[in-house]
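Here's the structure we're looking at; comments come further down.
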Amino acid sequence: MNLTTTHSLWLAPLCLLLGIGLAWWLYRRTREGEGPSRELTLVLAACRALAVALIAFFLLEPMVRILVREVRKPVVVLLHDGSASLLAAGDTATLRNRYPQELQELQEKLGERFDVRTLTYGETVVEGHSFAQTDALTNVDGALREVYDRFNGADLGAVIIDGDGIYNRGRDPRSIADKLGVPVFAIALGDTTVRPDLVLRGVEHNRIGYLGNELPLLVKVEGRRMAGTSARISILQEGKEVASKETTLNGRSAFVELPFTVKPERAGMIRYTVLVRPVPGEATELNNRIDVLIDVLDDRQKILLLGAAPHPDLGALRQALAGLEGYETELAFAADFAGDASRYDLLILHGLPSQKHGIQPLFKKADAAGVPICYILTNGTDFGGFNTRGAGVQVTSSRGNATDAQATLNKDFTYFTLDADQARALERFPPLQVPFGQFELGRSATALATQRIGMVQTPYPLIALAQQQERRSAVIAGEGLWRWRINDLQQQGDHARFDRLVHKLVQFLALKVNKERFRVAHPPRTSENERVVFTAESYNATFEPVNTAEVSLVLKDEAGLDHQYAFSPSGSSYRADLGRLPAGVYTWKARTRIDGVEHTVTGELHVEAQVAEQLSTVADHGVWHDMAARTDGLVVAPGGTDAIAQALEARPGLVARSYAHPSYSDLIGLRWLFFVILGLLTCEWVLRRRNGQY
């Protein structure tokens with residue numbers, strides 16, 4: 001035990017002198033024959049001096065330093081697999097009845113020497129052991145990472161984990177087991193017997209498709225001990241078979257991949273059921289079916305490529321746009337086009353307007369519908385008509401002349417970003433043939449690239465984009481884009497950089513603005529083990545978010561039952577937590593009132609059944625053996641847990657450790673010192689009263 005103070009301990013004598021000085025000042029006038037005797041005066045002065053000195057000493061914030069010793073047992077973590085796959089095969093009666101008692105006995109036996117911590121893992125890790133076996137997922141890697149985060153250090157002695165070795169979430173657990181740095185012991189549960197079975201291993205598919213397109217599906221089927229068996233795979237939509245194939249499985253363990261295509265007949269979230277038709281002798285039919293959800297969209301954006309005359313630029317643009325999902329391109333010429341411009345989401349005009357084709361009716365309809373326009377200027381462009389369009393660039397041109405101009409990227413351009421390889425390629429592309437003249441950039445426009453004529457860098461825009469209120473436009477100040485696409489192929493071996501540049505231009509121009517004042521969002525698909533959360537936003541007339549109105553939600557299940565929910569304000573929006581829902585298809589309707597007008601939004605919610613634990617029921621004990629071999633552990637079967645206890649007790653390094661650490665306690669917190677000071681002052685007061693002094 002040591003005494004220390006926050007302030008210098010050399011101040012302690014001053015505290016004593018302060019007490020003596022105050023006592024002397026108080027009792028200095030006591031005269032012989034009056035008041036208490038000299039001896040009593042000294043006693044009274046001593047009591048006052050000690051009390052004052054102690055109080056003054058506490059101002060130095062004295063502390064007592066004590067060395068505390070703590071003995072810690074080695075920590076042994078006992079992990080139990082709480083997933084449902086343990087009850088899918090094997091001796092489930094033993095697992096339910098005898099095994100929990102065996103695990104409890106192992107815990108009690110180890111508890112005499114070790115600090116045993118029990119955890120159950122599956123989807124998550126929870127304290128204690130649970131033998132309900134209801135978790136729909138198994139994450140062994142997550143369980144060992146939890147052990148690492150909570151217990152890693154000198155006190156961790158060993159990890160004991162049970163299970164069938166099957167994991168369907170997380171990474172390979174062997175790497176984190178190595179990182180623990182302690183032996184891992186495994187109790188191998190489950191059944192390793194391979195029974196005849198057809199297993200639907202998975203289905204690869206796009207999450208989004210478009211109405212009118214064929215959607216690809218890649219079905220993966222595994223056959224175990226089904227050599228020579230003919231398997232039929234069917235694709236069902238609303239119970240109706242829309243595609244099917246048959247295949248013959250060869251060998252004791254066969255794996256085949258079968259491609260399918262399906263064509264949706266409506267837009268929305270479409271559920272397809274992939275089914276491997278059961279055959280006699282299968283171990284289980286639970287792993288023969290998988291439901292897949294594809295969001296089929298019917299909002300393809302239409303692009304019109306309109307030229308004054310045939311030109312290779314139009315072909316280059318059309319080929320580039322062919323690889324852009326969700327866009328439909330139509331090519332036409334001004335002399336023959338009689339369509340409605342308002343039906344399109346973007347117009348790309350090549351050499352238009354011209355003296356021969358003013359296309360004023362087209363402009364009138366496009367302006368009324370707010371259709372964005374991209375202008376590609378040529379020598380045939382009517383610049384008088386073009387300048388009246390307010391496209392963001394004004395051109396003063398001498399008709400019939402052209403100049404070659406290469407691109408220099410504008411570093412201050414912010415509407416979208418180009419990858420490094422795109423930026424380099426853009427500046428190395430061949431020059432465009434630009435009409436000779438002066439180009440002036442409007443206030444609402446920004447240049448993506450400027451013109452470099454020979455070695456001279458000019459401020460004239462080569463590619464410019466403008467945004468006026470909600471309408472956008474673009475100007476490409478020259479022709480010869482086809483040379484860019486060919487050069488990209490010559491220099492890089494493909495057209496990727498040119499095509500991505502065109503894609504970004506088109507996506508910027510054709511971006512649709514959501515003007516709905518009431519919006520509801522939620523994950524379109526979720527699993528039955530996940531919580532379903534809806535969010536909603538409402539806007540006033542100036543599109544500022546508000547959340548003062550009430551928002552209700554009606555959820556209807558497949559049985560036709562309505563479930564009522566209410567949104568709660570969350571920040572500037574709304575939130576509704578529906579909790580976990582059973583698997584199925586739900587329709588919903590959200591309703592609110594904004595400025596006296598009722599707004600309604602409807603949609604669908606698909607909750608998928610969690611079948612990961614049913615896909616494979618054959619235990620993989622190889623994971624445990626590999627993990628134990630790498631960490632100097634041991635693998636035992638149920639009934640052999642005594643071997644784990646003996647192995648742990650035989651390890652010389654697993655012993656209790658003694659730790660010493662200093663502990664500080666404020667001296668002022670000791671009650672007995674308070675009573676000492678109180679006693680000194682009380683003694684002085686009583687003696688003074690008894691002798692007639694006040």
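Here's how to read the names in the structure tokens: chain A, B, ... by the order shown, residue numbers from 1 in each chain, ligand numbers from 1 in the order shown.
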
Spatial neighbours of region 573-581 of chain A, 8 Å, only C-alpha atoms, chain gap at least 4 places, as a VMD selection string: chain A and resid 528 to 538 545 to 547 565 to 569 607

Contact residues around Asp499 (chain A) with only C-alpha atoms at 9 Å, ignoring same-chain residues under 6 positions, as an MDAnalysis selection string: chainID A and resid 317 319:321 323:324 485

Every residue of region 243-273 of chain A that DSSP places in strand (DSSP E), as a list in words: Ala243, Ser244, Lys245, Glu246, Thr247, Thr248, Ser253, Ala254, Phe255, Val256, Glu257, Leu258, Pro259, Phe260, Thr261, Val262, Gly268, Met269, Ile270, Arg271, Tyr272 and Thr273 of chain A

Selection near Asp340 (chain A), 8 Å with only C-alpha atoms, sequence-local residues under 3 positions removed, as number ranges by chain: A: 343-344, 362, 365

Keeping only N, CA and C atoms, write those residues as a PDB file, in the first residue's frame.
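The new file out_7.pdb reads:
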ATOM      1  N   ARG A 343     -43.776  10.463 -77.875  1.00  0.00           N
ATOM      2  CA  ARG A 343     -43.760   9.069 -77.416  1.00  0.00           C
ATOM      3  C   ARG A 343     -42.370   8.627 -76.981  1.00  0.00           C
ATOM      4  N   TYR A 344     -41.371   9.441 -77.276  1.00  0.00           N
ATOM      5  CA  TYR A 344     -39.994   9.039 -77.016  1.00  0.00           C
ATOM      6  C   TYR A 344     -39.480   9.704 -75.736  1.00  0.00           C
ATOM      7  N   LEU A 362     -42.060  18.488 -85.150  1.00  0.00           N
ATOM      8  CA  LEU A 362     -41.423  17.580 -84.190  1.00  0.00           C
ATOM      9  C   LEU A 362     -40.973  18.347 -82.959  1.00  0.00           C
ATOM     10  N   LYS A 365     -43.988  19.237 -80.618  1.00  0.00           N
ATOM     11  CA  LYS A 365     -44.470  18.133 -79.785  1.00  0.00           C
ATOM     12  C   LYS A 365     -43.450  17.762 -78.709  1.00  0.00           C
TER      13      LYS A 365
END

Residues within 10 Å of Gly181 (chain A), only C-alpha atoms, excluding chain neighbours under 2 positions, as a count of residues only: 15

Neighbour list for region 8-20 of chain A as an MDAnalysis selection string, cut-off 8 Å, only C-alpha atoms, skip fewer than 5 positions in-chain: chainID A and resid 45:46 48:54 56:57 60

Contacts of Gly268 (chain A) at 7 Å (only C-alpha atoms; same-chain gap of 4+ positions) as an MDAnalysis selection string: chainID A and resid 295:297

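Distances here use only C-alpha atoms; by that measure, the residue among A:Ala645, A:Ala619, A:Val456, A:Val601 closest to Ile166 (chain A) is A:Ala619.
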
Nearby residues (only C-alpha atoms) at most 10 Å from region 108-125 of chain A, same-chain spacing under 2 positions excluded, as a ChimeraX atom specification: /A:72-84,102-106,127-131,133-144,146-147,151,155-163,167-169,529,642,644-646,648-649,654-656

Residue among A:Leu198, A:Thr329, A:Lys263, A:Val68 lying closest to Thr248 (chain A), counting only C-alpha atoms: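 Between A:Leu198, A:Thr329, A:Lys263, A:Val68, the residue approaching Thr248 (chain A) most closely is A:Leu198.
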
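The interatomic distance for the pair CA of Gln301 (chain A) and CA of Ala510 (chain A) works out to 7.8 Å.
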
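Going from CA of Gly640 (chain A) to CA of Asp172 (chain A) covers 26.2 Å.
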
All helix (DSSP H, G or I) positions in region 179-317 of chain A, as a list of chain:residue names: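 Checking each residue of region 179-317 of chain A, the helix (DSSP H, G or I) ones are A:Lys179, A:Leu180, A:Pro312, A:Asp313, A:Leu314, A:Gly315, A:Ala316, A:Leu317.
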
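The shortest atom-to-atom distance to Leu314 (chain A), with only C-alpha atoms taken into account, belongs to A:Leu481 out of A:Leu481, A:Ala231, A:Leu236, A:Gly190.
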
Shortest interatomic distance to Leu448 (chain A) - which of A:Ala93, A:Ala335, A:Ala474, A:Val262, counting only C-alpha atoms: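 When distances to Leu448 (chain A) are compared using only C-alpha atoms, the smallest one comes from A:Ala474.
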
Top pick for closest residue to Arg174 (chain A), considering A:Asp494, A:Asp298, A:Asp626, A:Glu516 and counting only C-alpha atoms: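 For Arg174 (chain A), the nearest of the candidates is A:Asp626.
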
Separation of CA of Leu634 (chain A) from CA of Arg195 (chain A), in Å and rounded to one decimal: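 Value for the CA of Leu634 (chain A)-CA of Arg195 (chain A) distance: 27.4 Å.
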